[in-house]
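Undergrad: Contents of start.tsv (TSV, C-alpha atoms):
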chain	number	residue	atom	x	y	z
A	1	MET	CA	-58.39	-19.30	40.34
A	2	ASN	CA	-61.94	-19.27	38.89
A	3	PHE	CA	-61.40	-22.78	37.69
A	4	ALA	CA	-60.57	-23.93	41.25
A	5	ILE	CA	-63.74	-22.34	42.70
A	6	SER	CA	-65.91	-23.91	40.00
A	7	LEU	CA	-64.35	-27.30	40.62
A	8	PHE	CA	-64.98	-26.93	44.36
A	9	VAL	CA	-68.66	-26.05	43.81
A	10	LEU	CA	-69.18	-29.03	41.52
A	11	LEU	CA	-67.57	-31.43	43.97
A	12	PHE	CA	-69.50	-30.04	46.94
A	13	SER	CA	-72.82	-30.22	45.09
A	14	GLY	CA	-72.14	-33.80	44.07
A	15	LEU	CA	-71.47	-34.78	47.65
A	16	ILE	CA	-74.69	-33.15	48.88
A	17	LEU	CA	-76.74	-35.01	46.29
A	18	ALA	CA	-75.03	-38.27	47.06
A	19	GLN	CA	-75.95	-38.00	50.78
A	20	ASP	CA	-79.57	-36.87	50.28
A	21	ASP	CA	-80.82	-40.35	51.42
A	22	GLY	CA	-81.57	-39.39	55.09
A	23	ASN	CA	-78.10	-38.70	56.40
A	24	THR	CA	-78.85	-35.01	57.10
A	25	THR	CA	-78.63	-35.52	60.83
A	26	GLU	CA	-75.23	-37.14	60.47
A	27	LEU	CA	-73.95	-34.22	58.42
A	28	GLN	CA	-75.10	-31.80	61.09
A	29	THR	CA	-73.24	-33.71	63.78
A	30	GLN	CA	-70.00	-34.28	61.76
A	31	PRO	CA	-67.95	-31.24	60.55
A	32	CYS	CA	-66.89	-32.87	57.22
A	33	GLY	CA	-69.99	-35.01	56.71
A	34	ASN	CA	-67.85	-38.15	56.52
A	35	VAL	CA	-64.20	-39.19	56.27
A	36	ASP	CA	-64.19	-39.28	52.45
A	37	MET	CA	-65.45	-35.72	52.24
A	38	CYS	CA	-62.64	-34.48	54.49
A	39	GLU	CA	-60.04	-36.25	52.41
A	40	ILE	CA	-61.48	-34.83	49.21
A	41	LEU	CA	-61.46	-31.31	50.65
A	42	LYS	CA	-57.88	-31.72	51.77
A	43	GLU	CA	-56.86	-33.00	48.35
A	44	PHE	CA	-58.80	-30.20	46.76
A	45	GLY	CA	-56.99	-27.64	48.91
A	46	ALA	CA	-53.65	-29.18	48.00
A	47	MET	CA	-54.58	-29.15	44.34
A	48	THR	CA	-55.66	-25.54	44.64
A	49	GLU	CA	-52.33	-24.60	46.21
A	50	LYS	CA	-50.44	-26.45	43.53
A	51	LEU	CA	-52.53	-24.69	40.90
A	52	ARG	CA	-51.67	-21.35	42.48
A	53	ASN	CA	-47.98	-22.30	42.44
A	54	VAL	CA	-48.20	-23.40	38.82
A	55	GLU	CA	-49.93	-20.14	37.87
A	56	THR	CA	-47.28	-18.14	39.74
A	57	ARG	CA	-44.49	-20.05	38.08
A	58	LEU	CA	-46.22	-19.62	34.72
A	59	GLN	CA	-46.47	-15.87	35.29
A	60	ASN	CA	-42.84	-15.75	36.34
A	61	SER	CA	-41.88	-17.77	33.27
A	62	GLU	CA	-43.87	-15.44	31.03
A	63	THR	CA	-42.16	-12.43	32.63
A	64	ALA	CA	-38.76	-14.08	32.26
A	65	LEU	CA	-39.61	-14.91	28.63
A	66	LYS	CA	-40.55	-11.31	27.96
A	67	ASP	CA	-37.29	-10.20	29.56
A	68	CYS	CA	-35.38	-12.68	27.43
A	69	GLN	CA	-37.18	-11.50	24.31
A	70	THR	CA	-36.39	-7.89	25.21
A	71	ARG	CA	-32.77	-8.74	25.85
A	72	LEU	CA	-32.66	-10.75	22.62
A	73	THR	CA	-34.07	-7.79	20.69
A	74	ASP	CA	-31.50	-5.50	22.30
A	75	SER	CA	-28.75	-7.98	21.47
A	76	GLU	CA	-29.92	-8.23	17.86
A	77	THR	CA	-29.96	-4.45	17.61
A	78	LYS	CA	-26.47	-4.22	19.08
A	79	LEU	CA	-25.32	-6.98	16.73
A	80	LYS	CA	-26.71	-5.12	13.73
A	81	ASN	CA	-25.00	-1.93	14.91
A	82	THR	CA	-21.76	-3.86	15.40
A	83	GLU	CA	-22.05	-5.43	11.95
A	84	SER	CA	-22.67	-2.00	10.43
A	85	ARG	CA	-19.67	-0.54	12.23
A	86	LEU	CA	-17.59	-3.55	11.16
A	87	THR	CA	-18.64	-3.04	7.54
A	88	ASP	CA	-17.70	0.63	7.76
A	89	THR	CA	-14.38	-0.26	9.38
A	90	GLU	CA	-13.64	-2.85	6.68
A	91	ALA	CA	-14.47	-0.30	3.98
A	92	ARG	CA	-12.18	2.28	5.61
A	93	LEU	CA	-9.46	-0.35	6.00
A	94	THR	CA	-9.77	-1.30	2.33
A	95	ASP	CA	-9.57	2.36	1.35
A	96	THR	CA	-6.54	2.84	3.61
A	97	GLU	CA	-4.84	-0.23	2.14
A	98	THR	CA	-5.50	1.07	-1.37
A	99	LYS	CA	-4.03	4.47	-0.48
A	100	LEU	CA	-1.06	2.75	1.17
A	101	LYS	CA	-0.42	0.67	-1.95
A	102	ASP	CA	-0.65	3.80	-4.10
A	103	SER	CA	1.81	5.57	-1.82
A	104	GLN	CA	4.17	2.60	-1.90
A	105	ASN	CA	3.97	2.48	-5.70
A	106	ARG	CA	4.69	6.19	-5.90
A	107	ILE	CA	7.66	5.78	-3.55
A	108	LEU	CA	8.96	2.87	-5.63
A	109	LYS	CA	8.62	4.95	-8.79
A	110	LEU	CA	10.45	7.85	-7.19
A	111	GLU	CA	13.17	5.53	-5.93
A	112	GLU	CA	13.41	4.00	-9.38
A	113	LYS	CA	13.77	7.45	-10.91
A	114	VAL	CA	16.50	8.31	-8.41
A	115	ARG	CA	18.29	5.04	-9.15
A	116	THR	CA	18.04	5.56	-12.90
A	117	ARG	CA	19.21	9.18	-12.95
A	118	VAL	CA	22.40	9.31	-14.99
A	119	MET	CA	24.19	12.59	-15.59
A	120	PHE	CA	27.84	13.61	-15.89
A	121	SER	CA	29.99	16.49	-16.96
A	122	ALA	CA	33.79	16.59	-16.90
A	123	VAL	CA	36.66	18.84	-18.02
A	124	THR	CA	40.08	17.82	-19.30
A	125	GLY	CA	42.11	19.72	-16.72
A	126	GLY	CA	45.78	19.91	-17.69
A	127	GLY	CA	47.00	23.14	-16.14
A	128	ASN	CA	46.19	25.70	-18.87
A	129	LYS	CA	48.32	24.18	-21.61
A	130	ALA	CA	47.87	22.20	-24.78
A	131	ILE	CA	47.09	18.49	-24.72
A	132	GLY	CA	48.74	16.94	-27.78
A	133	PRO	CA	49.58	16.64	-30.50
A	134	PHE	CA	50.24	12.88	-30.41
A	135	ASN	CA	51.41	10.59	-33.21
A	136	THR	CA	48.36	8.36	-32.84
A	137	ASP	CA	44.68	8.72	-31.97
A	138	THR	CA	44.41	8.99	-28.20
A	139	THR	CA	41.45	8.61	-25.86
A	140	LEU	CA	40.94	11.97	-24.22
A	141	ILE	CA	40.58	11.72	-20.46
A	142	TYR	CA	38.45	14.37	-18.77
A	143	ARG	CA	39.92	14.25	-15.31
A	144	VAL	CA	38.08	17.09	-13.55
A	145	VAL	CA	34.57	15.82	-12.79
A	146	LYS	CA	31.90	18.47	-12.32
A	147	THR	CA	28.94	16.13	-12.03
A	148	ASN	CA	28.72	12.33	-12.05
A	149	ILE	CA	25.25	11.20	-10.91
A	150	GLY	CA	25.07	7.44	-11.26
A	151	ASN	CA	28.89	7.13	-11.47
A	152	ALA	CA	28.69	5.96	-15.08
A	153	TYR	CA	31.64	8.09	-16.17
A	154	SER	CA	35.18	7.11	-15.19
A	155	PRO	CA	37.64	10.03	-14.77
A	156	SER	CA	40.53	7.56	-14.85
A	157	THR	CA	39.73	6.15	-18.31
A	158	GLY	CA	37.58	8.91	-19.86
A	159	ILE	CA	34.93	6.31	-20.78
A	160	PHE	CA	31.20	6.47	-20.10
A	161	ASN	CA	29.60	3.04	-19.49
A	162	ALA	CA	25.82	2.96	-20.02
A	163	PRO	CA	24.21	1.53	-16.85
A	164	PHE	CA	20.78	1.17	-18.50
A	165	ALA	CA	19.40	0.62	-21.95
A	166	GLY	CA	17.90	3.87	-23.17
A	167	PHE	CA	18.32	7.12	-25.04
A	168	TYR	CA	21.21	9.38	-24.03
A	169	TYR	CA	22.35	12.86	-24.99
A	170	PHE	CA	26.06	13.72	-25.28
A	171	THR	CA	27.95	16.95	-25.94
A	172	ILE	CA	31.61	17.75	-26.56
A	173	PHE	CA	33.09	21.25	-26.51
A	174	TYR	CA	36.68	22.35	-27.01
A	175	HIS	CA	39.01	25.34	-26.84
A	176	ALA	CA	42.08	25.24	-29.06
A	177	GLY	CA	44.89	27.45	-30.30
A	178	GLY	CA	44.99	28.28	-33.97
A	179	HIS	CA	48.55	27.10	-34.52
A	180	GLU	CA	47.66	23.38	-34.56
A	181	PRO	CA	44.74	21.49	-36.12
A	182	LEU	CA	42.09	19.94	-33.88
A	183	VAL	CA	39.94	16.85	-34.43
A	184	LEU	CA	37.76	15.31	-31.67
A	185	LEU	CA	35.93	12.05	-32.40
A	186	LEU	CA	32.97	10.82	-30.31
A	187	TYR	CA	32.82	7.03	-30.25
A	188	LYS	CA	30.11	4.54	-29.39
A	189	ASN	CA	32.01	1.36	-28.62
A	190	HIS	CA	34.34	1.15	-31.67
A	191	GLU	CA	32.23	3.29	-34.02
A	192	ILE	CA	32.70	6.98	-34.71
A	193	VAL	CA	29.38	8.75	-34.18
A	194	VAL	CA	30.11	12.49	-34.52
A	195	MET	CA	33.17	14.70	-34.63
A	196	THR	CA	34.24	18.32	-34.37
A	197	SER	CA	37.37	19.94	-35.82
A	198	ASP	CA	39.38	23.12	-36.35
A	199	HIS	CA	41.98	23.82	-38.99
A	200	SER	CA	45.13	25.75	-38.20
A	201	VAL	CA	45.55	29.14	-39.82
A	202	SER	CA	48.17	31.80	-39.35
A	203	TYR	CA	45.72	34.59	-38.57
A	204	ASP	CA	43.58	32.69	-36.00
A	205	SER	CA	44.84	32.68	-32.43
A	206	ALA	CA	42.16	30.50	-30.75
A	207	ASP	CA	38.88	28.74	-31.50
A	208	ASN	CA	35.96	27.19	-29.66
A	209	GLY	CA	33.56	24.60	-31.02
A	210	GLY	CA	31.72	21.41	-30.33
A	211	ASN	CA	29.05	18.93	-31.31
A	212	ALA	CA	26.16	16.98	-29.75
A	213	VAL	CA	24.17	13.82	-30.44
A	214	PHE	CA	21.35	11.60	-29.14
A	215	LEU	CA	22.34	7.93	-28.88
A	216	GLN	CA	20.38	4.78	-28.28
A	217	LEU	CA	22.50	2.61	-26.02
A	218	GLN	CA	22.27	-0.85	-24.55
A	219	LYS	CA	23.45	-1.56	-21.05
A	220	GLY	CA	27.24	-1.78	-21.08
A	221	ASP	CA	27.76	0.26	-24.24
A	222	GLN	CA	30.73	2.64	-24.01
A	223	VAL	CA	30.93	6.25	-25.17
A	224	TYR	CA	34.20	8.20	-25.19
A	225	VAL	CA	36.16	10.92	-27.04
A	226	ARG	CA	39.39	10.45	-28.97
A	227	LEU	CA	41.85	13.15	-29.94
A	228	ALA	CA	42.99	12.48	-33.51
A	229	LYS	CA	46.72	12.20	-34.17
A	230	ASN	CA	48.63	15.38	-34.86
A	231	SER	CA	45.93	17.53	-33.25
A	232	HIS	CA	45.51	19.19	-29.88
A	233	VAL	CA	43.04	20.78	-27.43
A	234	TRP	CA	43.57	23.29	-24.67
A	235	GLY	CA	43.66	21.68	-21.23
A	236	SER	CA	42.20	23.53	-18.25
A	237	ASP	CA	39.55	23.12	-15.57
A	238	TYR	CA	37.00	25.16	-17.56
A	239	HIS	CA	37.37	24.92	-21.35
A	240	THR	CA	37.22	21.48	-22.98
A	241	THR	CA	34.25	19.43	-21.75
A	242	PHE	CA	32.53	16.10	-22.21
A	243	SER	CA	28.95	15.75	-20.89
A	244	GLY	CA	25.96	13.45	-21.14
A	245	PHE	CA	22.76	12.30	-19.47
A	246	LEU	CA	20.04	9.67	-19.71
A	247	VAL	CA	16.95	11.00	-21.47
A	248	SER	CA	14.70	7.96	-21.02
A	249	GLN	CA	14.99	4.25	-20.43
A	250	MET	CA	13.83	1.68	-22.91
Can you dump the structure from the file as structure tokens?
TA:
Amino acid sequence: MNFAISLFVLLFSGLILAQDDGNTTELQTQPCGNVDMCEILKEFGAMTEKLRNVETRLQNSETALKDCQTRLTDSETKLKNTESRLTDTEARLTDTETKLKDSQNRILKLEEKVRTRVMFSAVTGGGNKAIGPFNTDTTLIYRVVKTNIGNAYSPSTGIFNAPFAGFYYFTIFYHAGGHEPLVLLLYKNHEIVVMTSDHSVSYDSADNGGNAVFLQLQKGDQVYVRLAKNSHVWGSDYHTTFSGFLVSQM
């Protein structure tokens, strides 16, 4: 605005000096001095108005720019906050995924333990009477199953089939009358591993005994008990037993 006033003063002074050659009377009789002066003043007024408009638009633009800068600053702040929250969320998600994997691994291990649990215990049965003697070695079948976790023992054949390679523990116990000898043989496949026995004597009415062993087996190995020829055991649901379980896998 000050610039417009200064420009007007300069132009007006220049016009006065240019007409200082005796035209004072004419200036007093004509409102604008001459036609050129009127045109200049009109143009000057138009320029002044345009200048005002430009200054107003400039001020509006500066205000809008400040608003934009403020909004941009707010947006940057919000973006930083969002990025921080996203980082925290990603960290929590990673931690949750890690915990989930740990839980899944623990579940798999527990399931594996359940799947690999092998345990059995069976009794001969036989109705409270002697089994044997026979004229040949005979596989003793323990028909009354007390426990058979893993179903590795067959009560129809009397044979335990190792479902996993590992270390197993087996026990055999018997009850027998003293009038006949007794020999029980624990086999691994076709090899005698341990045995237990009782000799007949005239003064001994009944005996109990047994044996136990740790065996390293491969998957598919068979373990079973044979009653030696010319010997016997007492058959019932409680006396003569064959048991085993998996100690650890290999």
Undergrad: Box for range 170-176 of chain A - axis-aligned, 4 Å on each of the six sides, all listed atoms - centre and size in Å to one decimal, as AutoDock Vina command-line options.
TA:
--center_x 34.1 --center_y 19.5 --center_z -27.2 --size_x 24.0 --size_y 19.6 --size_z 11.8
Undergrad: Skip Phe170 in chain A itself and residues of its chain fewer than 4 positions away, then list as an mmCIF file with C-alpha atoms, in the coordinates of the input all residues within 10 Å of it, counting only C-alpha atoms.
TA:
data_model
loop_
_atom_site.group_PDB
_atom_site.id
_atom_site.type_symbol
_atom_site.label_atom_id
_atom_site.label_comp_id
_atom_site.auth_asym_id
_atom_site.auth_seq_id
_atom_site.Cartn_x
_atom_site.Cartn_y
_atom_site.Cartn_z
ATOM 1 C CA MET A 119 24.190 12.590 -15.590
ATOM 2 C CA PHE A 120 27.840 13.610 -15.890
ATOM 3 C CA SER A 121 29.990 16.490 -16.960
ATOM 4 C CA LEU A 186 32.970 10.820 -30.310
ATOM 5 C CA ASN A 211 29.050 18.930 -31.310
ATOM 6 C CA ALA A 212 26.160 16.980 -29.750
ATOM 7 C CA VAL A 213 24.170 13.820 -30.440
ATOM 8 C CA PHE A 214 21.350 11.600 -29.140
ATOM 9 C CA LEU A 215 22.340 7.930 -28.880
ATOM 10 C CA VAL A 223 30.930 6.250 -25.170
ATOM 11 C CA TYR A 224 34.200 8.200 -25.190
ATOM 12 C CA PHE A 242 32.530 16.100 -22.210
ATOM 13 C CA SER A 243 28.950 15.750 -20.890
ATOM 14 C CA GLY A 244 25.960 13.450 -21.140
ATOM 15 C CA PHE A 245 22.760 12.300 -19.470
ATOM 16 C CA LEU A 246 20.040 9.670 -19.710
#
Undergrad: Go through A:Thr157, A:Thr116, A:Thr94, A:Asn148 one by one, measure the shortest atom-to-atom distance of each to Met250 in chain A using all atoms listed in the file, and give the residue with the smallest value.
TA: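 For Met250 in chain A, the nearest of the candidates is A:Thr116.
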Undergrad: Of the residues A:Ser231, A:Asp74, A:Phe44, A:Ala64, which is the one nearest to Asn135 in chain A, using all atoms listed in the file?
TA: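 Checking each candidate against Asn135 in chain A, we get A:Ser231 as the closest.
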Undergrad: What's around Thr241 in chain A at 9 Å? Count all atoms listed in the file, leave out sequence neighbours fewer than 2 positions away in its own chain, and write the answer as a ChimeraX atom specification.
TA: /A:121-124,142,171-174,237-239,243
Undergrad: Rank A:Val194, A:Ile159, A:Val144, A:Ile149 by their smallest atom-to-atom distance to Gly235 in chain A, using all atoms listed in the file, and report the top residue only.
TA: A:Val144
Undergrad: CA of Leu108 in chain A and CA of Gln218 in chain A are how many Å apart?
TA: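 One can read the CA of Leu108 in chain A to CA of Gln218 in chain A distance as 23.4 Å.
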Undergrad: May I ask for the distance between CA of Lys50 in chain A and CA of Glu62 in chain A, given in Å to one decimal place?
TA: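 Answer for the CA of Lys50 in chain A to CA of Glu62 in chain A separation: 17.9 Å.
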Undergrad: Find the residue from A:Asn230, A:Thr98, A:Thr240, A:Ser75 that sits nearest to Asp207 in chain A; use only C-alpha atoms when measuring.
TA: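 That would be A:Thr240, the residue with the smallest distance to Asp207 in chain A.
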Undergrad: Quick check, in Å to one decimal: how far apart do CA of Ala228 in chain A and CA of Asp137 in chain A lie?
TA: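 Between these atoms lies a distance of 4.4 Å.
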Undergrad: Excluding Gln222 in chain A and any residue of its chain fewer than 6 positions from it, enumerate the residues within 6 Å of it, using all atoms listed in the file, and give them as a list in words.
TA: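 Once the adjacent positions are removed, what remains is Phe160, Asn161, Lys188 and Asn189 of chain A.
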Undergrad: Using only C-alpha atoms, which residue out of A:Gly166, A:Gly45, A:Lys99, A:Gln59 lies closest to Gly220 in chain A?
TA: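 Of A:Gly166, A:Gly45, A:Lys99, A:Gln59, the one nearest Gly220 in chain A is A:Gly166, counting only C-alpha atoms.
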Undergrad: Residues within 8 Å of Ser156 in chain A, please, as a list in words. Count all atoms listed in the file; anything in the same chain fewer than 2 positions from it doesn't count.
TA: Ile141, Arg143, Ser154 and Gly158 of chain A
Undergrad: Under the rule that all atoms listed in the file are counted, which of A:Asp198, A:Asp36, A:Asp88, A:Glu83 is the nearest residue to Gly178 in chain A?
TA: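 Residue with the minimum atom-to-atom distance to Gly178 in chain A: A:Asp198.
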Undergrad: Using all atoms listed in the file, which protein or nucleic acid residues come within 8 Å of Lys219 in chain A? Drop anything in the same chain fewer than 5 positions from it, and give the result as a list in words.
TA: Asn161, Ala162, Pro163, Phe164 and Ala165 of chain A
Undergrad: Counting all atoms listed in the file, which residues come within 12 Å of (41.5, 28.3, -29.9), with the point read in the file's coordinates, and could you list them as a ChimeraX atom specification?
TA: /A:129-130,173-182,197-201,203-210,232-235,239-240
